[in-house]
Amino acid sequence: MTTLFDSIKLGAIEAPNRILMAPLTRCRSTMGHVPTPIMGEYYAQRASAGLIISEATGISQQGLGTPFAPGIWSDEQTEAWKPIVEQVHEAGGRIICQLWHMGRLVHSDFNNGERPVSASATTGPGVIRTYQGKKDYEEARPLEVSEIPGLLDDYQNAAENAKKAGFDGVQLHSANGYLIDQFIRSGTNLRTDEYGGSIKNRIRLLGEVTQRLVDVWGSDRVSVRLSPNGDSQGADDATPVETFTAAAKLLDGIGIAFLELREPPAHGTYGNTDVPPVSPDIRPVFSNPLVLNSDYFFDNATEALAENKADAISFGRTFMTNPDLPERFRTGAEINAIDFVPTWYSQGEEGYVDYPTMEQQKASA
């Protein structure tokens with residue numbers, strides 16, 4: 001029976017266990033989106049993960065609208081990532097860079113007054129946090145077909161910079177209602193050109209961006225994250241099974257290293273959707289490792305692997321508060337509390353690098 005502690009080959013990456021660290025926005029970069037040294041300590045603390053997927057990292061100023069989130073489009077950002085990646089490697093870990101364009105969920109405050117872009121002229125729900133405080137989302141303008149080559153170039157540039165920074169690979173963020181997801185889903189893609197309408201057209205951009213990343217890294221060091229079930233930041237789809245199985249088949253044809261799916265369960269701790277998971281339909285059509293995420297702990301993660309629902313599990317908030325999570329799972333130790341605190345998204349050490357390991361807890365006791 002497959003367990004969380006078995007090794008797994010994720011494309012070219014040899015992971016010593018199947019306990020992956022999910023991408024987690026933590027807001028510890030500068031106002032200019034340059035990574036800071038404390039991020040190296042944070043990731044190195046968690047190097048015992050089978051693989052670390054970095055926090056979502058902006059591919060361009062146009063695509064990044066979260067205060068203090070990191071980017072990787074400039075030389076300065078790339079250079080700042082180098083010691084962070086090196087610390088993870090020195091601690092025995094592996095880390096890939098998740099590449100992010102937020103689409104309509106960017107406010108014009110981040111872009112010198114320019115409107116955000118999306119698949120169509122739609123508006124995100126609720127409010128966004130900016131450096132000037134919370135503001136309503138703005139209506140996005142549809143990305144012109146003539147602009148898509150430039151977008152592909154931005155993704156390629158970010159992928160090349162991730163290679164320069166020493167990452168072990170990249171992941172395309174195509175989930176959670178961000179730009180690629182806005183193109184995929186029928187609720188946010190109202191286009192009538194070659195990037196809209198049919199499922200084949202709506203997943204076209206996903207395929208084109210993924211191929212650009214593969215051109216830089218090779219298919220065995222590229223992965224993709226999708227969130228196929230339920231509304232995500234106002235993005236939804238009328239036929240999720242048909243849409244996302246088609247997306248998975250497309251990615252399978254490209255030959256990506258692994259596919260990660262964020263699927264909040266009904267009445268989950270962190271996510272809450274009444275839409276059933278789509279992963280059972282994706283599982284038969286995607287050949288390489290399938291990674292599941294959201295509301296997993298030791299017992300249900302062990303069950304998912306035993307029942308062949310997934311090949312690995314990525315853990316998010318559990319890893320935030322338990323830097324030695326694999327060892328805690330292995331020994332059956334109690335995990336640190338995972339209750340939300342404001343310091344999760346502040347800019348200091350508190351709530352970031354001060355969660356104790358089991359060894360530190362024993363020493364203090």
# chains A, B, ... in the order shown; residues from 1 in each chain; ligands from 1

$ residues_around --residues "stretch 87-100 of chain A" --least-positions-apart "3" --cutoff "9 Å" --atoms "only C-alpha atoms" --output "PyMOL selection string"
chain A and resi 13-15+23+40-41+43-60+63-64+71-72+82-84+155+158-159+162+167-174+178-179+221-225

$ residues_around --residues "stretch 294-302 of chain A" --least-positions-apart "2" --cutoff "12 Å" --atoms "only C-alpha atoms" --output "short mmCIF file (atom, residue, chain, number, x, y, z; two decimals) with C-alpha atoms, in the first residue's frame"
data_model
loop_
_atom_site.label_atom_id
_atom_site.label_comp_id
_atom_site.auth_asym_id
_atom_site.auth_seq_id
_atom_site.Cartn_x
_atom_site.Cartn_y
_atom_site.Cartn_z
CA MET A 1 0.00 0.00 0.00
CA THR A 2 1.31 3.44 -0.94
CA THR A 3 1.94 5.73 2.02
CA LEU A 4 2.82 9.38 2.55
CA PHE A 5 6.37 8.34 3.39
CA ASP A 6 7.12 6.56 0.12
CA ARG A 18 4.63 12.37 -0.79
CA ILE A 19 4.03 15.21 1.68
CA LEU A 20 4.31 18.28 -0.53
CA MET A 21 4.19 21.89 0.64
CA ALA A 22 1.41 23.72 -1.16
CA PRO A 23 1.87 27.28 -2.45
CA LEU A 24 1.10 29.80 0.31
CA SER A 227 -9.12 24.27 -8.91
CA ASN A 229 -14.76 22.28 -8.27
CA GLU A 260 -2.05 19.57 -8.58
CA LEU A 261 -5.76 20.03 -7.86
CA ARG A 262 -7.19 22.23 -5.12
CA GLU A 263 -10.57 20.77 -4.25
CA PRO A 264 -12.22 22.12 -1.10
CA PRO A 265 -14.61 19.53 0.35
CA ALA A 266 -18.14 20.30 1.45
CA HIS A 267 -18.09 21.86 4.93
CA GLY A 268 -14.29 21.85 4.97
CA THR A 269 -12.16 23.62 7.53
CA TYR A 270 -10.69 26.17 5.13
CA GLY A 271 -12.71 25.83 1.95
CA ASN A 272 -16.43 25.18 1.64
CA THR A 273 -18.20 24.05 -1.47
CA PRO A 277 -14.74 16.79 -6.51
CA VAL A 291 -1.53 15.71 -6.33
CA LEU A 292 -4.59 16.66 -4.27
CA ALA A 304 -6.56 9.12 -0.41
CA LEU A 305 -3.26 7.43 -1.29
CA ALA A 306 -4.42 4.00 -0.14
CA GLU A 307 -7.53 4.28 -2.32
CA ASN A 308 -5.47 5.48 -5.31
CA LYS A 309 -7.28 8.80 -5.47
CA ALA A 310 -3.93 10.59 -5.68
CA ASP A 311 -0.20 9.97 -5.84
CA ALA A 312 0.74 12.69 -3.34
CA ILE A 313 -0.91 15.32 -1.16
CA SER A 314 0.07 18.97 -0.80
CA PHE A 315 -0.45 20.55 2.60
CA GLY A 316 -0.85 24.30 3.01
CA ARG A 317 -1.73 25.85 6.36
CA THR A 318 -0.64 22.69 8.15
CA PHE A 319 2.87 23.33 6.82
CA LEU A 325 5.32 18.30 9.30
CA PRO A 326 6.62 15.04 7.74
CA GLU A 327 8.33 14.04 11.00
CA ARG A 328 5.22 14.90 13.02
CA PHE A 329 3.15 12.71 10.73
CA ARG A 330 5.72 9.90 10.88
CA THR A 331 5.83 9.85 14.67
CA GLY A 332 2.16 10.62 15.29
CA ALA A 333 3.11 13.78 17.18
CA GLU A 334 0.64 16.55 17.88
CA ILE A 335 0.62 19.34 15.33
CA ILE A 338 -3.56 26.14 12.70
#

$ select_by_dssp --residues "stretch 97-197 of chain A" --states "helix (DSSP H, G or I)" --output "JSON, numbers by chain"
{"A": [103, 104, 105, 108, 109, 110, 111, 145, 146, 147, 148, 149, 150, 151, 152, 153, 154, 155, 156, 157, 158, 159, 160, 161, 162, 163, 164, 165, 179, 180, 181, 182, 183, 184]}

$ atom_distance --atom1 "atom CA of A:Met102" --atom2 "atom CA of A:Arg204"
17.7 Å

$ closest_residue --among "A:Asp236, A:Glu349, A:Glu86, A:Asp231" --to "A:Thr188" --atoms "only C-alpha atoms"
A:Asp236

$ select_by_dssp --residues "stretch 87-317 of chain A" --states "strand (DSSP E or B)" --output "PyMOL selection string"
chain A and resi 95-100+117-118+123+127-130+133-136+139+141-142+170-173+222-226+232+235+258-262+290-293+312-315

$ residues_around --residues "A:Pro228" --least-positions-apart "6" --cutoff "12 Å" --atoms "only C-alpha atoms" --output "PyMOL selection string"
chain A and resi 174-177+181+184-185+235-248+259-265+273+275-282+292-293

$ write_last_selection --atoms "C-alpha atoms" --output "CSV table (one decimal), in the first residue's frame"
chain,number,residue,atom,x,y,z
A,174,SER,CA,-4.1,28.2,-13.3
A,175,ALA,CA,-6.4,28.0,-10.2
A,176,ASN,CA,-8.4,30.0,-7.7
A,177,GLY,CA,-10.0,32.5,-10.1
A,181,ASP,CA,-8.7,30.2,-14.6
A,184,ILE,CA,-10.9,28.4,-18.6
A,185,ARG,CA,-14.2,29.0,-16.9
A,235,ALA,CA,-15.0,32.4,-11.1
A,236,ASP,CA,-17.2,29.3,-11.9
A,237,ASP,CA,-18.0,27.0,-14.7
A,238,ALA,CA,-21.3,25.5,-16.0
A,239,THR,CA,-19.8,22.1,-16.8
A,240,PRO,CA,-16.8,21.6,-14.5
A,241,VAL,CA,-16.3,17.9,-15.3
A,242,GLU,CA,-16.3,18.4,-19.0
A,243,THR,CA,-14.1,21.5,-18.8
A,244,PHE,CA,-11.5,20.3,-16.5
A,245,THR,CA,-11.2,16.8,-17.8
A,246,ALA,CA,-10.5,18.4,-21.2
A,247,ALA,CA,-7.9,20.6,-19.5
A,248,ALA,CA,-6.3,17.6,-17.9
A,259,LEU,CA,-0.9,18.0,-11.9
A,260,GLU,CA,-2.1,19.6,-8.6
A,261,LEU,CA,-5.8,20.0,-7.9
A,262,ARG,CA,-7.2,22.2,-5.1
A,263,GLU,CA,-10.6,20.8,-4.2
A,264,PRO,CA,-12.2,22.1,-1.1
A,265,PRO,CA,-14.6,19.5,0.4
A,273,THR,CA,-18.2,24.1,-1.5
A,275,VAL,CA,-19.8,20.9,-5.5
A,276,PRO,CA,-18.4,17.4,-5.6
A,277,PRO,CA,-14.7,16.8,-6.5
A,278,VAL,CA,-13.8,16.5,-10.2
A,279,SER,CA,-10.6,14.6,-9.5
A,280,PRO,CA,-12.2,11.2,-9.9
A,281,ASP,CA,-13.0,12.1,-13.5
A,282,ILE,CA,-9.5,13.6,-14.0
A,292,LEU,CA,-4.6,16.7,-4.3
A,293,ASN,CA,-4.9,19.7,-1.9

$ atom_distance --atom1 "atom CA of A:Ser108" --atom2 "atom CA of A:Gln62"
9.0 Å

$ atom_distance --atom1 "atom CA of A:Asn157" --atom2 "atom CA of A:Thr123"
27.9 Å

$ residues_around --residues "A:Arg191" --least-positions-apart "4" --cutoff "12 Å" --atoms "only C-alpha atoms" --output "short mmCIF file (atom, residue, chain, number, x, y, z; two decimals) with N, CA, C and O atoms, in the first residue's frame"
data_model
loop_
_atom_site.label_atom_id
_atom_site.label_comp_id
_atom_site.auth_asym_id
_atom_site.auth_seq_id
_atom_site.Cartn_x
_atom_site.Cartn_y
_atom_site.Cartn_z
N SER A 118 -8.44 40.67 -18.18
CA SER A 118 -9.04 39.36 -17.94
C SER A 118 -9.47 38.78 -19.28
O SER A 118 -9.20 39.35 -20.34
N ALA A 119 -10.14 37.63 -19.22
CA ALA A 119 -10.69 37.05 -20.44
C ALA A 119 -11.77 37.96 -21.02
O ALA A 119 -11.87 38.12 -22.23
N SER A 120 -12.56 38.57 -20.12
CA SER A 120 -13.69 39.39 -20.54
C SER A 120 -13.86 40.56 -19.57
O SER A 120 -13.18 40.64 -18.55
N ALA A 121 -14.78 41.44 -19.89
CA ALA A 121 -15.06 42.60 -19.05
C ALA A 121 -15.93 42.18 -17.88
O ALA A 121 -17.15 42.31 -17.89
N THR A 122 -15.28 41.66 -16.85
CA THR A 122 -15.97 41.21 -15.64
C THR A 122 -15.28 41.81 -14.42
O THR A 122 -14.19 42.36 -14.53
N ARG A 141 -10.67 44.90 -18.31
CA ARG A 141 -10.85 44.98 -19.76
C ARG A 141 -10.43 43.64 -20.37
O ARG A 141 -9.51 42.98 -19.88
N PRO A 142 -11.09 43.22 -21.44
CA PRO A 142 -10.71 41.96 -22.08
C PRO A 142 -9.31 42.05 -22.67
O PRO A 142 -8.95 43.05 -23.30
N LEU A 143 -8.52 41.04 -22.45
CA LEU A 143 -7.19 40.98 -23.05
C LEU A 143 -7.35 40.83 -24.56
O LEU A 143 -8.05 39.92 -25.04
N GLU A 144 -6.72 41.70 -25.32
CA GLU A 144 -6.80 41.62 -26.78
C GLU A 144 -5.99 40.43 -27.29
O GLU A 144 -4.97 40.06 -26.71
N VAL A 145 -6.46 39.83 -28.37
CA VAL A 145 -5.72 38.72 -28.97
C VAL A 145 -4.31 39.16 -29.32
O VAL A 145 -3.34 38.40 -29.16
N GLN A 182 -9.62 32.37 -15.24
CA GLN A 182 -10.64 33.25 -15.80
C GLN A 182 -10.90 32.95 -17.27
O GLN A 182 -12.02 33.11 -17.76
N PHE A 183 -9.86 32.49 -17.97
CA PHE A 183 -10.04 32.05 -19.36
C PHE A 183 -10.71 30.68 -19.43
O PHE A 183 -11.54 30.43 -20.32
N ILE A 184 -10.37 29.80 -18.51
CA ILE A 184 -10.88 28.42 -18.56
C ILE A 184 -12.38 28.37 -18.30
O ILE A 184 -13.12 27.65 -18.98
N ARG A 185 -12.86 29.15 -17.35
CA ARG A 185 -14.24 28.97 -16.86
C ARG A 185 -15.26 29.78 -17.67
O ARG A 185 -15.05 30.94 -17.98
N SER A 186 -16.39 29.14 -17.91
CA SER A 186 -17.44 29.76 -18.72
C SER A 186 -18.05 30.98 -18.05
O SER A 186 -18.56 31.87 -18.73
N GLY A 187 -18.01 31.04 -16.72
CA GLY A 187 -18.61 32.16 -16.01
C GLY A 187 -17.84 33.46 -16.14
O GLY A 187 -18.40 34.55 -15.96
N TYR A 195 -10.30 32.25 -28.28
CA TYR A 195 -10.01 31.99 -26.87
C TYR A 195 -11.28 31.92 -26.02
O TYR A 195 -11.21 31.94 -24.79
N GLY A 196 -12.45 31.83 -26.67
CA GLY A 196 -13.69 31.78 -25.91
C GLY A 196 -14.73 30.90 -26.56
O GLY A 196 -14.54 30.39 -27.67
N GLY A 197 -15.83 30.68 -25.84
CA GLY A 197 -16.92 29.87 -26.39
C GLY A 197 -16.78 28.42 -26.00
O GLY A 197 -17.15 28.00 -24.90
N SER A 198 -16.25 27.60 -26.89
CA SER A 198 -16.12 26.17 -26.65
C SER A 198 -15.06 25.89 -25.58
O SER A 198 -14.19 26.71 -25.30
N ILE A 199 -15.16 24.70 -25.00
CA ILE A 199 -14.15 24.29 -24.01
C ILE A 199 -12.77 24.29 -24.65
O ILE A 199 -11.79 24.76 -24.04
N ASN A 201 -11.59 26.15 -26.93
CA ASN A 201 -11.09 27.52 -27.03
C ASN A 201 -10.74 28.10 -25.66
O ASN A 201 -9.75 28.82 -25.51
N ARG A 202 -11.54 27.78 -24.64
CA ARG A 202 -11.31 28.36 -23.32
C ARG A 202 -10.06 27.80 -22.65
O ARG A 202 -9.47 28.47 -21.80
#

$ closest_residue --among "A:Leu151, A:Leu205, A:Val353, A:Val341" --to "A:Pro37" --atoms "only C-alpha atoms"
A:Val353

$ closest_residue --among "A:Tyr131, A:Tyr137, A:Trp81, A:Trp344" --to "A:Pro116" --atoms "only C-alpha atoms"
A:Tyr137

$ residues_around --residues "A:Val34" --least-positions-apart "3" --cutoff "9 Å" --atoms "only C-alpha atoms" --output "list of chain:residue names"
A:Ser29, A:Thr30, A:Met31, A:Phe68, A:Ala69, A:Pro70, A:Gly71, A:Ile72, A:Ser74, A:Glu76, A:Gln77, A:Thr78, A:Ala80, A:Trp81

$ write_last_selection --atoms "N, CA, C and O atoms" --output "mmCIF file, in the first residue's frame"
data_model
loop_
_atom_site.group_PDB
_atom_site.id
_atom_site.type_symbol
_atom_site.label_atom_id
_atom_site.label_comp_id
_atom_site.auth_asym_id
_atom_site.auth_seq_id
_atom_site.Cartn_x
_atom_site.Cartn_y
_atom_site.Cartn_z
ATOM 1 N N SER A 29 7.742 40.003 1.084
ATOM 2 C CA SER A 29 8.632 40.695 0.160
ATOM 3 C C SER A 29 8.558 42.202 0.397
ATOM 4 O O SER A 29 7.840 42.673 1.276
ATOM 5 N N THR A 30 9.280 42.965 -0.407
ATOM 6 C CA THR A 30 9.241 44.426 -0.279
ATOM 7 C C THR A 30 8.040 44.981 -1.027
ATOM 8 O O THR A 30 7.345 44.264 -1.765
ATOM 9 N N MET A 31 7.807 46.290 -0.872
ATOM 10 C CA MET A 31 6.733 46.932 -1.622
ATOM 11 C C MET A 31 6.989 46.860 -3.125
ATOM 12 O O MET A 31 6.047 46.909 -3.922
ATOM 13 N N PHE A 68 3.180 43.229 -0.938
ATOM 14 C CA PHE A 68 4.325 42.504 -0.386
ATOM 15 C C PHE A 68 4.467 41.068 -0.909
ATOM 16 O O PHE A 68 5.175 40.260 -0.311
ATOM 17 N N ALA A 69 3.794 40.752 -2.024
ATOM 18 C CA ALA A 69 3.995 39.447 -2.659
ATOM 19 C C ALA A 69 5.210 39.525 -3.573
ATOM 20 O O ALA A 69 5.519 40.582 -4.109
ATOM 21 N N PRO A 70 5.922 38.409 -3.773
ATOM 22 C CA PRO A 70 7.136 38.458 -4.589
ATOM 23 C C PRO A 70 6.853 38.377 -6.081
ATOM 24 O O PRO A 70 5.832 37.841 -6.516
ATOM 25 N N GLY A 71 7.777 38.902 -6.847
ATOM 26 C CA GLY A 71 7.750 38.751 -8.294
ATOM 27 C C GLY A 71 9.018 38.089 -8.766
ATOM 28 O O GLY A 71 9.960 37.867 -7.999
ATOM 29 N N ILE A 72 9.057 37.775 -10.075
ATOM 30 C CA ILE A 72 10.271 37.194 -10.649
ATOM 31 C C ILE A 72 10.425 37.647 -12.102
ATOM 32 O O ILE A 72 10.944 36.922 -12.946
ATOM 33 N N SER A 74 12.024 40.720 -12.831
ATOM 34 C CA SER A 74 13.173 41.617 -12.954
ATOM 35 C C SER A 74 14.462 40.936 -12.501
ATOM 36 O O SER A 74 14.439 39.924 -11.786
ATOM 37 N N GLU A 76 16.545 42.203 -10.357
ATOM 38 C CA GLU A 76 16.648 42.383 -8.910
ATOM 39 C C GLU A 76 15.891 41.289 -8.167
ATOM 40 O O GLU A 76 16.394 40.722 -7.179
ATOM 41 N N GLN A 77 14.684 40.993 -8.619
ATOM 42 C CA GLN A 77 13.899 39.933 -7.984
ATOM 43 C C GLN A 77 14.579 38.577 -8.146
ATOM 44 O O GLN A 77 14.645 37.787 -7.193
ATOM 45 N N THR A 78 15.079 38.315 -9.331
ATOM 46 C CA THR A 78 15.735 37.037 -9.598
ATOM 47 C C THR A 78 16.951 36.848 -8.704
ATOM 48 O O THR A 78 17.155 35.767 -8.123
ATOM 49 N N ALA A 80 17.444 38.179 -5.821
ATOM 50 C CA ALA A 80 16.994 38.020 -4.434
ATOM 51 C C ALA A 80 16.477 36.610 -4.161
ATOM 52 O O ALA A 80 16.538 36.131 -3.019
ATOM 53 N N TRP A 81 15.974 35.942 -5.205
ATOM 54 C CA TRP A 81 15.518 34.564 -5.023
ATOM 55 C C TRP A 81 16.680 33.583 -4.870
ATOM 56 O O TRP A 81 16.543 32.521 -4.251
#

$ decode --residues "stretch 157-180 of chain A" --atoms "C-alpha atoms" --output "PDB file, in the first residue's frame"
ATOM      1  CA  ASN A 157      10.739  35.481 -19.061  1.00  0.00           C
ATOM      2  CA  ALA A 158       9.587  34.477 -15.576  1.00  0.00           C
ATOM      3  CA  ALA A 159      10.357  30.816 -16.307  1.00  0.00           C
ATOM      4  CA  GLU A 160      13.842  31.734 -17.508  1.00  0.00           C
ATOM      5  CA  ASN A 161      14.403  33.835 -14.407  1.00  0.00           C
ATOM      6  CA  ALA A 162      13.283  30.950 -12.197  1.00  0.00           C
ATOM      7  CA  LYS A 163      15.939  28.813 -13.866  1.00  0.00           C
ATOM      8  CA  LYS A 164      18.558  31.523 -13.279  1.00  0.00           C
ATOM      9  CA  ALA A 165      17.528  31.676  -9.615  1.00  0.00           C
ATOM     10  CA  GLY A 166      18.228  27.953  -9.229  1.00  0.00           C
ATOM     11  CA  PHE A 167      14.694  26.601  -8.756  1.00  0.00           C
ATOM     12  CA  ASP A 168      14.122  22.921  -9.514  1.00  0.00           C
ATOM     13  CA  GLY A 169      11.186  23.646 -11.814  1.00  0.00           C
ATOM     14  CA  VAL A 170       8.074  25.771 -12.171  1.00  0.00           C
ATOM     15  CA  GLN A 171       4.353  25.470 -11.638  1.00  0.00           C
ATOM     16  CA  LEU A 172       1.725  27.366 -13.628  1.00  0.00           C
ATOM     17  CA  HIS A 173      -0.918  28.860 -11.334  1.00  0.00           C
ATOM     18  CA  SER A 174      -4.117  28.155 -13.261  1.00  0.00           C
ATOM     19  CA  ALA A 175      -6.408  27.981 -10.231  1.00  0.00           C
ATOM     20  CA  ASN A 176      -8.357  30.034  -7.703  1.00  0.00           C
ATOM     21  CA  GLY A 177      -9.990  32.469 -10.114  1.00  0.00           C
ATOM     22  CA  TYR A 178      -6.778  34.068 -11.424  1.00  0.00           C
ATOM     23  CA  LEU A 179      -6.050  34.908 -15.069  1.00  0.00           C
ATOM     24  CA  ILE A 180      -5.688  31.443 -16.613  1.00  0.00           C
TER      25      ILE A 180
END
